[in-house]
Amino acid sequence: MKIIEFNGVDHVFPDGTKPLQNISLSIEEGTLHFIVGPSGSGKTTLLNLLLGLYQPAVGEIWVNKCNICVLSERQLTLYRQHLGAIFQQNNLIPHRTVFENVAMPLWLRGTERKEVHQSVVSVLSEVGLRGFEDVLPLHLSSGDQQRVAIARALITRPRIIVADEPTGNLDRQLAGSVTEILKLQTTLRVTVIMVSHDEELTRYADTTSRLAPAPNALGTSTLT
Amino acid sequence: MFDRNPMPWARTKRNRRAWIRDHVRFCKEALHQMLLHVIMTFFVMLLIGVSIALPSGLWVIRDYLSYADLAWPTERGFNAFFHSDASETQIDSTAQTIRNHGFVNEAFLIPKSVALQEFLTAADLPDLTDRMPENPLPDTLTVFVKENIQVHEIETLTDFIQQLDAVDQVSYDTQIIVRFSAIHTIFNRLLWVVAGTFCLFALFVSASAVRIAIESRLQEIRILHVIGSPKRITRGPFLWCGFMYGALGGILAAVLLTLVLIYVEEPLRTLTASYGVRRDLQSLDWSFVGIVCAVGALLGLSSALYSTSRHLQRVTRNWEI
């Protein structure tokens with residue numbers, strides 16, 4: 001079943017730059033989908049469109065049978081609560097402990113304290129960080145920080161996880177282990193959309209899309 | 001393409017306990033933020049405190065002095081002088097007649113012997129009594145009218161008193177009333193202007209402090225935005241921050257006010273006692289301290305509301321992570 005669909009999406013920034021043109025893309029439920037492309041090809045813009053952080057100039061984005069382009073700001077907030085988001089950097093709040101960073105999506109939902117504690121412990125065990133609850137992110141390695149970000153994305157058990165270069169700062173071995181954690185989620189029918197410039201990692205992917213600069217269009221990319 | 005557009009994402013129900021937990025967390029975060037920048041916090045509180053203390057202090061002094069004006073020859077009080085040959089019985093019955101008048105609140109008789117003694121003591125001539133063949137001063141009745149009585153009604157009253165046999169003269173100067181009333185109005189209007197100006201200043205200071213708090217936590221705000229934080233939760237800690245700046249500023253204002261009024265209490269008491277009025281200063285009253293703190297908290301909260309609605313929107317609209 002298709003869970004995400006982009007239909008002829010164009011995006012234009014306020015300064016007139018057009019990073020994406022005529023993007024059409026379908027992603028099946030429970031798959032690990034990779035979006036690859038060179039730097040500046042609009043990979044992050046594509047994910048921000050999917051997160052509802054940007055509105056497309058043209059086209060539609062359907063997620064779980066819902067056109068997110070017509071949602072109000074309040075509905076988009078609710079929509080984002082049901083996604084898991086991981087970024088390359090600035091993922092964690094530095095003055096909050098690992099526990100607090102991971103628990104944050106549950107706080108937004110008003111989950112009971114006991115349930116929050118159980119879920120955080122369980123998800124930290126899942127990513128191999130049990131015992132690091134009271135540590136500040138600054139005292140963790142880059143790989144462990146990404147694991148914390150993954151734990152935060154997993155804690156609400158979302159059906160879709162959006163990951164923007166989560167392995168960008170990691171060495172090959174750590175990048176592999178982070179991608180494996182995400183790949184594992186697909187066995188639970190979770191759909192993972194991962195952006196990367198590392199073609200090597202596409203071996204984990206079920207499907208892959210490539211963003212390439214459009215001919216005769218300065219700074220604009222299309223999907224190939 | 002999909003053919004329907006419902007909202008497939010259910011809203012989680014939040015109970016009262018979750019609401020309380022949120023606010024406890026916001027409060028802790030705001031305290032953490034304030035303690036992290038303790039010097040800035042102190043100066044913000046001080047500026048808010050001074051902004052509230054100045055108009056409040058003026059209000060307290062005006063209120064305090066307004067009791068003293070009961071004894072002044074205002075629209076509420078005047079003197080009636082008796083004939084020097086009026087008998088004690090005549091004076092007492094006339095005083096009683098005046099006290100029974102509908103416009104009169106109270107009236108005090110000052111016998112001429114007491115008036116002379118007070119005059120000679122004030123003039124530092126205590127020995128002069130023996131050398132005077134007779135007391136030149138008349139017996140006097142100080143009359144205070146009721147609060148709601150108008151000037152034209154007082155004129156009716158003075159005319160009535162003037163026509164009484166034992167009364168020689170009624171001292172009632174309308175010019176003084178007009179002047180005093182004008183000064184009173186000017187003072188009141190100035191008080192409102194000062195209060196308005198300083199409230200705006202307090203709002204500006206608190207809003208700037210909240211804005212700095214927002215700028216220092218941009219990363220957190222953006223992360224919260226991505227993971228679907230409602231506006232209420234994102235701005236909660238900042239609203240608490242503004243509330244606490246204002247409330248603590250209010251407490252500081254009450255302390256400053258109390259210290260200043262303790263300092264000026266003695267000369268104020270001397271001044272008002274000379275008009276026969278004894279009263280405690282209102283700044284020492286707990287309800288007054290409560291009002292000052294509530295005003296501070298309200299100012300802080302309003303400024304935080306303004307600052308968050310303006311700057312958070314800017315941060316989340318110009319998205320870049």
# chains A, B, ... in the order shown; residues from 1 in each chain; ligands from 1

$ select_by_dssp --residues "segment 107-310 of chain B" --states "strand (DSSP E)" --output "number ranges by chain"
B: 107-110, 140-145, 167-171

$ residues_around --residues "segment 119-124 of chain A" --least-positions-apart "5" --cutoff "10 Å" --atoms "only C-alpha atoms" --output "JSON, numbers by chain"
{"A": [98, 99, 100, 101, 102, 103, 104, 106, 113, 114, 129, 130, 131, 132, 133, 147, 148, 150, 151, 152, 153, 154, 155, 156, 157]}

$ closest_residue --among "B:Ala80, B:Tyr306, B:Gln163, B:Ala253" --to "Phe288 of chain B" --atoms "only C-alpha atoms"
B:Ala253

$ residues_around --residues "segment 48-60 of chain A" --least-positions-apart "2" --cutoff "10 Å" --atoms "only C-alpha atoms" --output "JSON, numbers by chain"
{"A": [4, 5, 6, 7, 8, 9, 10, 11, 12, 13, 18, 20, 21, 22, 23, 24, 42, 43, 44, 45, 46, 62, 63, 66, 67, 68, 69, 70, 71, 73, 76, 77, 79, 80, 83, 84, 85, 162, 164, 193], "B": [1, 225, 226, 227, 228, 316, 317, 318, 319, 320, 321]}

$ residues_around --residues "Ser56 of chain B" --least-positions-apart "3" --cutoff "8 Å" --atoms "only C-alpha atoms" --output "list in words"
Ile52, Ala53, Trp59, Val60, Ala195, Leu257 and Val292 of chain B

$ closest_residue --among "B:Glu220, B:Glu265, B:Glu153, B:Asp130" --to "chain A" --atoms "only C-alpha atoms"
B:Glu220

$ residues_around --residues "Ile3 of chain A" --least-positions-apart "3" --cutoff "10 Å" --atoms "only C-alpha atoms" --output "list in words"
Ser26, Ile27, Glu28, Glu29, Gly30, Thr31, Trp62, Val63, Asn64, Lys65, Cys66, Arg159, Ile160 and Thr191 of chain A; Phe2 of chain B

$ write_last_selection --atoms "C-alpha atoms" --output "JSON list (two decimals), in the first residue's frame"
[["chain", "number", "residue", "atom", "x", "y", "z"],
["A", 26, "SER", "CA", 5.47, 7.04, -4.37],
["A", 27, "ILE", "CA", 6.64, 5.18, -1.29],
["A", 28, "GLU", "CA", 5.21, 1.85, -0.14],
["A", 29, "GLU", "CA", 4.35, 1.21, 3.50],
["A", 30, "GLY", "CA", 6.95, -0.70, 5.55],
["A", 31, "THR", "CA", 9.90, 0.06, 3.29],
["A", 62, "TRP", "CA", -0.42, 12.77, 0.17],
["A", 63, "VAL", "CA", 0.46, 10.99, 3.39],
["A", 64, "ASN", "CA", -1.69, 8.14, 4.67],
["A", 65, "LYS", "CA", -4.53, 9.14, 2.30],
["A", 66, "CYS", "CA", -4.43, 12.76, 3.41],
["A", 159, "ARG", "CA", 4.22, 4.76, 11.06],
["A", 160, "ILE", "CA", 6.64, 7.05, 9.21],
["A", 191, "THR", "CA", 8.08, 3.40, 6.60],
["B", 2, "PHE", "CA", -5.45, 8.79, -2.96]]

$ residues_around --residues "Ser206 of chain B" --least-positions-apart "4" --cutoff "12 Å" --atoms "only C-alpha atoms" --output "number ranges by chain"
B: 40-49, 51, 199-202, 210-213, 238-249, 296-308

$ closest_residue --among "A:Ser72, A:Ser39, A:Thr111, A:Ser141" --to "chain B" --atoms "only C-alpha atoms"
A:Thr111

$ residues_around --residues "Asp168 of chain B" --least-positions-apart "3" --cutoff "12 Å" --atoms "only C-alpha atoms" --output "list of chain:residue names"
B:Asn79, B:Ala80, B:Phe81, B:Phe82, B:His83, B:Ser84, B:Asp85, B:Ala86, B:Ile91, B:Thr94, B:Pro138, B:Asp139, B:Thr140, B:Leu141, B:Thr158, B:Asp159, B:Ile161, B:Gln162, B:Gln163, B:Leu164, B:Asp165, B:Ser171

$ write_last_selection --atoms "C-alpha atoms" --output "short mmCIF file (atom, residue, chain, number, x, y, z; two decimals), in the first residue's frame"
data_model
loop_
_atom_site.label_atom_id
_atom_site.label_comp_id
_atom_site.auth_asym_id
_atom_site.auth_seq_id
_atom_site.Cartn_x
_atom_site.Cartn_y
_atom_site.Cartn_z
CA ASN B 79 -14.57 77.38 60.48
CA ALA B 80 -17.42 79.30 62.16
CA PHE B 81 -16.43 82.02 64.71
CA PHE B 82 -18.76 82.93 67.57
CA HIS B 83 -19.47 86.44 68.93
CA SER B 84 -17.08 87.23 71.79
CA ASP B 85 -20.03 88.02 74.08
CA ALA B 86 -21.90 84.74 73.31
CA ILE B 91 -22.45 78.36 71.94
CA THR B 94 -25.66 76.56 68.35
CA PRO B 138 -13.35 83.96 69.56
CA ASP B 139 -14.70 80.48 70.25
CA THR B 140 -14.48 78.50 66.99
CA LEU B 141 -16.42 75.60 65.53
CA THR B 158 -22.66 78.60 55.46
CA ASP B 159 -25.56 80.99 54.84
CA ILE B 161 -24.82 79.13 59.98
CA GLN B 162 -24.18 82.83 59.34
CA GLN B 163 -27.80 83.62 60.24
CA LEU B 164 -27.55 81.95 63.68
CA ASP B 165 -27.51 84.54 66.50
CA SER B 171 -14.65 81.55 57.11
#

$ closest_residue --among "A:Leu32, A:Val135, A:Val178, A:Leu78" --to "chain B" --atoms "only C-alpha atoms"
A:Leu78

$ closest_residue --among "B:Glu29, B:Asp285, B:Glu118, B:Asp63" --to "chain A" --atoms "only C-alpha atoms"
B:Glu29

$ select_by_dssp --residues "segment 7-150 of chain B" --states "helix (DSSP H, G or I)" --output "PyMOL selection string"
chain B and resi 16-36+38-71+88-99+112-122+128-131

$ atom_distance --atom1 "atom CA of Leu256 of chain B" --atom2 "atom CA of Leu190 of chain B"
21.3 Å
